[in-house]
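Asker: Got a structure for you, written out below as structure tokens; questions coming shortly.
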Amino acid sequence: MTGTRTGTGTGTVLITAADLRAALAAILAGWRVPAEQADAVAELLVEADLRGVDSHGAHLMPMYAARLASGHLTPRTTVTAIADDGTTAILDGGLGFGQLAGLEAARLVSARAAEHGVAAVAVRETTHLGALGAYTARVAAEGLICLCVQNGPTFVPPFGGVTPLLSTNPLSYAVPAGEEPAIVYDVATTAVAGNKLLLAKKRGDAAIPTGWANDEHGRPTTDPAAASVRHLQWFGGHKGFGLALLVELLAGVLAGSSFGTTERTASPLHGDARVAKGVVFIAIDPARFAPRAVFTAAVDTLVREIRGSERATGVERIWLPGEPEHERARQRARDGIPLPAPLVAELDELAAKVGAAPPRVRPAGHEQPGDHEQEEA
């Protein structure tokens with residue numbers, strides 16, 4: 001069901017998960033990314049789109065292609081251990097794809113937490129991981145509690161300041177349940193993920209919500225064209241900034257990665273152009289505290305109490321973290337993934353550059369992508 005290309009436009013088209021995965025993997029392979037690694041990266045990007053986290057799905061491919069073309073992203077990712085003490089480990093991502101370093105870190109922290117009860121894995125010299133919830137959810141699927149934090153380029157000023165010193169500094173946690181889906185929380189510590197603002201610009205949105213971002217002069221704005229990804233606002237003001245500082249201390253200072261204006265990377269890109277990121281995973285085996293079945297049953301009880309509690313006027317449902325994405329993934333797996341026409345045009349161009357087939361798409365209805373998505377960075 002190949003759609004007819006009608007120009008970039010501002011509409012939306014639909015694509016199946018399988019077709020999008022194949023298209024993204026082909027583009028990556030065209031940039032000399034090994035087939036197995038291209039498939040793994042494409043899988044995580046499509047997973048984000050399925051879950052309604054559109055800012056961290058196929059939207060990222062033009063950025064990745066630009067970094068591959070400039071040599072700032074290594075096509076073949078090699079993850080090496082530079083320290084390993086059993087319960088703790090430090091990995092080096094070699095400035096390759098963050099998704100591959102993230103998967104390896106999630107695998108390692110899961111194995112070590114299962115063995116020791118608790119474990120922490122830091123990753124330095126990695127790049128953009130995409131949505132952190134993809135990794136914490138995988139650890140939770142092993143029956144473990146997981147926290148993941150990541151820092152990045154200097155986009156955002158401290159609360160009350162104007163000098164960008166921090167990134168959107170996302171964090172994610174996941175907790176396994178029994179009969180209920182795992183709780184998966186994944187947010188930027190800014191009011192909105194930087195990539196979500198960029199996607200609003202790409203879609204040509206008429207306005208963005210109040211409180212998302214400021215303009216280049218630090219003035220609050222709802223105009224997507226004026227809003228600056230380098231002047232995002234913290235969620236909850238000083239509270240979001242406080243959490244972002246913790247992320248910077250863990251993923252930057254503790255992990256041996258760049259932090260603030262201090263550069264600890266082999267990459268020549270620094271400051272707001274920095275591609276190197278630091279990541280820390282922490283995992284806990286709840287079975288060391290209570291029998292696993294007892295713990296997961298208690299999580300189910302709490303989930304059901306929250307979901308079944310009295311709703312405020314006008315509220316149709318109380319959502320727990322991860323539930324909107326879970327529901328959206330089922331719907332999009334059935335009906336297709338909506339992509340903005342400008343993004344499809346970009347993917348067409350990227351495919352043409354490497355001699356790959358363009359994505360197979362069809363006209364979409366009126367779904368608004370990402371209605372309930374969390375604020376991944």
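A note on labels: chains of the structure tokens are A, B, ... as shown, every chain counts residues from 1, and ligands are counted from 1 in their shown order.
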I'd like a table as a tab-separated table: residues in region 184-261 of chain A with an atom no more than 6 Å from region 276-281 of chain A, each row giving the shortest atom pair and its distance in Å to one decimal, only C-alpha atoms counted, sorted by chain and rising residue number.
Answerer:
residue	atom	partner	partner_atom	distance
A:Ala251	CA	A:Gly278	CA	4.6
A:Gly252	CA	A:Gly278	CA	5.5
A:Ser257	CA	A:Gly278	CA	5.2
Asker: For the residues in that selection, give me C-alpha atoms as a PDB file, in the first residue's frame.
Answerer:
ATOM      1  CA  ALA A 251      25.014  11.201  34.482  1.00  0.00           C
ATOM      2  CA  GLY A 252      27.729  13.851  34.160  1.00  0.00           C
ATOM      3  CA  SER A 257      31.009  12.449  31.297  1.00  0.00           C
TER       4      SER A 257
END
Asker: Using only C-alpha atoms, I'd like a table of the residues in region 218-314 of chain A that come within 9 Å of region 134-158 of chain A; for each, show the closest atom pair and its distance in Å rounded to one decimal, ordered by chain and ascending number, as a Markdown table.
Answerer:
| residue | atom | partner | partner_atom | distance |
| --- | --- | --- | --- | --- |
| A:Val229 | CA | A:Phe155 | CA | 7.0 |
| A:Arg230 | CA | A:Phe155 | CA | 4.4 |
| A:His231 | CA | A:Val156 | CA | 5.6 |
| A:Leu232 | CA | A:Val156 | CA | 6.1 |
| A:Gln233 | CA | A:Val156 | CA | 7.7 |
| A:Trp234 | CA | A:Val156 | CA | 8.5 |
| A:His238 | CA | A:Pro158 | CA | 8.6 |
| A:Phe241 | CA | A:Pro158 | CA | 6.6 |
| A:Ala244 | CA | A:Asn151 | CA | 8.5 |
| A:Leu245 | CA | A:Pro158 | CA | 8.8 |
| A:Leu246 | CA | A:Val149 | CA | 9.0 |
| A:Val247 | CA | A:Val149 | CA | 5.7 |
| A:Glu248 | CA | A:Asn151 | CA | 5.8 |
| A:Leu250 | CA | A:Val149 | CA | 7.5 |
| A:Ala251 | CA | A:Gln150 | CA | 5.4 |
| A:Gly252 | CA | A:Asn151 | CA | 6.4 |
| A:Ser257 | CA | A:Asn151 | CA | 8.8 |
| A:Ser258 | CA | A:Gly152 | CA | 7.9 |
| A:Phe259 | CA | A:Asn151 | CA | 7.7 |
| A:Gly260 | CA | A:Thr154 | CA | 6.6 |
| A:Thr261 | CA | A:Thr154 | CA | 7.5 |
| A:His270 | CA | A:Pro153 | CA | 7.5 |
| A:Gly271 | CA | A:Thr154 | CA | 5.2 |
| A:Asp272 | CA | A:Thr154 | CA | 4.6 |
| A:Ala273 | CA | A:Pro153 | CA | 6.3 |
| A:Arg274 | CA | A:Pro153 | CA | 4.9 |
| A:Val275 | CA | A:Pro153 | CA | 6.9 |
| A:Ala276 | CA | A:Gly152 | CA | 6.7 |
| A:Lys277 | CA | A:Gly152 | CA | 4.8 |
| A:Gly278 | CA | A:Asn151 | CA | 5.6 |
| A:Val279 | CA | A:Gln150 | CA | 4.4 |
| A:Val280 | CA | A:Val149 | CA | 5.5 |
| A:Phe281 | CA | A:Cys148 | CA | 4.5 |
| A:Ile282 | CA | A:Leu147 | CA | 5.2 |
| A:Ala283 | CA | A:Cys146 | CA | 4.4 |
| A:Ile284 | CA | A:Ile145 | CA | 5.1 |
| A:Asp285 | CA | A:Leu144 | CA | 4.9 |
| A:Pro286 | CA | A:Leu144 | CA | 6.4 |
| A:Ala287 | CA | A:Leu144 | CA | 8.5 |
| A:Arg292 | CA | A:Gly143 | CA | 8.0 |
| A:Thr296 | CA | A:Gly143 | CA | 8.8 |
Asker: Report as an NGL selection string all protein, DNA and RNA residues lying within 9 Å of region 28-38 of chain A, evaluated on only C-alpha atoms, omitting residues in the same chain fewer than 4 positions from it.
Answerer: :A and (23-24 or 42-43 or 61 or 64-65 or 68-69 or 74-77 or 97 or 100 or 351 or 353-356)
Asker: What gap, in Å, lies between CA of Ala333 (chain A) and CA of Ala182 (chain A)?
Answerer: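 Straight-line distance from CA of Ala333 (chain A) to CA of Ala182 (chain A) works out to 19.2 Å.
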Asker: For the alpha helix (DSSP H) assignment from backbone DSSP, which residues of region 6-38 of chain A qualify? Please present them as a ChimeraX atom specification.
Answerer: /A:17-30,35-38
Asker: Apply DSSP to the structure's backbone, then extract all residues of region 147-306 of chain A labelled strand (DSSP E or B) and return them as a ChimeraX atom specification.
Answerer: /A:147-150,156,166,171-175,183-187,190,213-214,220-221,232,234,259,262,277-284
Asker: Each residue of region 153-180 of chain A lying at most 6 Å from region 185-201 of chain A should get a row with its shortest atom-to-atom pair and the distance in Å to one decimal, counting only C-alpha atoms; could you produce that, ordered by chain and increasing number, as CSV?
Answerer:
residue,atom,partner,partner_atom,distance
A:Thr168,CA,A:Thr190,CA,5.4
A:Asn169,CA,A:Thr189,CA,5.8
A:Pro170,CA,A:Ala188,CA,3.9
A:Leu171,CA,A:Val187,CA,5.8
A:Ser172,CA,A:Asp186,CA,4.1
A:Tyr173,CA,A:Tyr185,CA,5.3
Asker: With N, CA and C atoms retained, export the selected residues as an mmCIF file, in the first residue's frame.
Answerer:
data_model
loop_
_atom_site.group_PDB
_atom_site.id
_atom_site.type_symbol
_atom_site.label_atom_id
_atom_site.label_comp_id
_atom_site.auth_asym_id
_atom_site.auth_seq_id
_atom_site.Cartn_x
_atom_site.Cartn_y
_atom_site.Cartn_z
ATOM 1 N N THR A 168 17.978 19.039 28.862
ATOM 2 C CA THR A 168 16.630 18.728 29.346
ATOM 3 C C THR A 168 16.665 17.625 30.395
ATOM 4 N N ASN A 169 17.788 16.961 30.543
ATOM 5 C CA ASN A 169 18.106 16.016 31.611
ATOM 6 C C ASN A 169 16.938 15.103 31.993
ATOM 7 N N PRO A 170 16.594 14.175 31.095
ATOM 8 C CA PRO A 170 15.461 13.291 31.372
ATOM 9 C C PRO A 170 15.782 12.235 32.414
ATOM 10 N N LEU A 171 14.723 11.713 32.996
ATOM 11 C CA LEU A 171 14.837 10.575 33.904
ATOM 12 C C LEU A 171 13.667 9.645 33.649
ATOM 13 N N SER A 172 13.890 8.381 33.900
ATOM 14 C CA SER A 172 12.845 7.383 33.743
ATOM 15 C C SER A 172 12.959 6.359 34.851
ATOM 16 N N TYR A 173 11.813 5.904 35.338
ATOM 17 C CA TYR A 173 11.819 4.752 36.230
ATOM 18 C C TYR A 173 10.761 3.766 35.754
#
Asker: With distances taken over only C-alpha atoms, which residue among A:Ala48, A:Ala113, A:Ala122, A:Leu249 lies nearest Val79 (chain A)?
Answerer: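 Counting only C-alpha atoms, the residue closest to Val79 (chain A) is A:Ala122.
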Asker: Identify, on the basis of only C-alpha atoms, every residue whose closest approach to Arg334 (chain A) does not exceed 12 Å; exclude the query and any residue fewer than 6 positions from it along the same chain; express the result as a tab-separated table (two decimals) with C-alpha atoms, in the first residue's frame.
Answerer:
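Everything below was put into around07.tsv:
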chain	number	residue	atom	x	y	z
A	14	LEU	CA	0.00	6.40	8.04
A	15	ILE	CA	2.66	3.73	7.91
A	16	THR	CA	2.78	0.27	9.44
A	17	ALA	CA	5.37	-0.44	12.10
A	18	ALA	CA	6.99	-3.08	9.88
A	50	LEU	CA	4.10	3.16	18.36
A	327	GLU	CA	-2.87	1.91	24.94
A	328	ARG	CA	-1.48	3.99	22.09
Asker: Could you tell me how far CA of Ala312 (chain A) lies from CA of Ala207 (chain A), in Å and to one decimal?
Answerer: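 Atom-to-atom, CA of Ala312 (chain A) and CA of Ala207 (chain A) are spaced 27.3 Å apart.
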Asker: Of the candidates A:Leu243, A:Gly52, A:His72, A:Arg203, which shows the shortest atom-to-atom distance to Pro340 (chain A), using only C-alpha atoms?
Answerer: A:Arg203
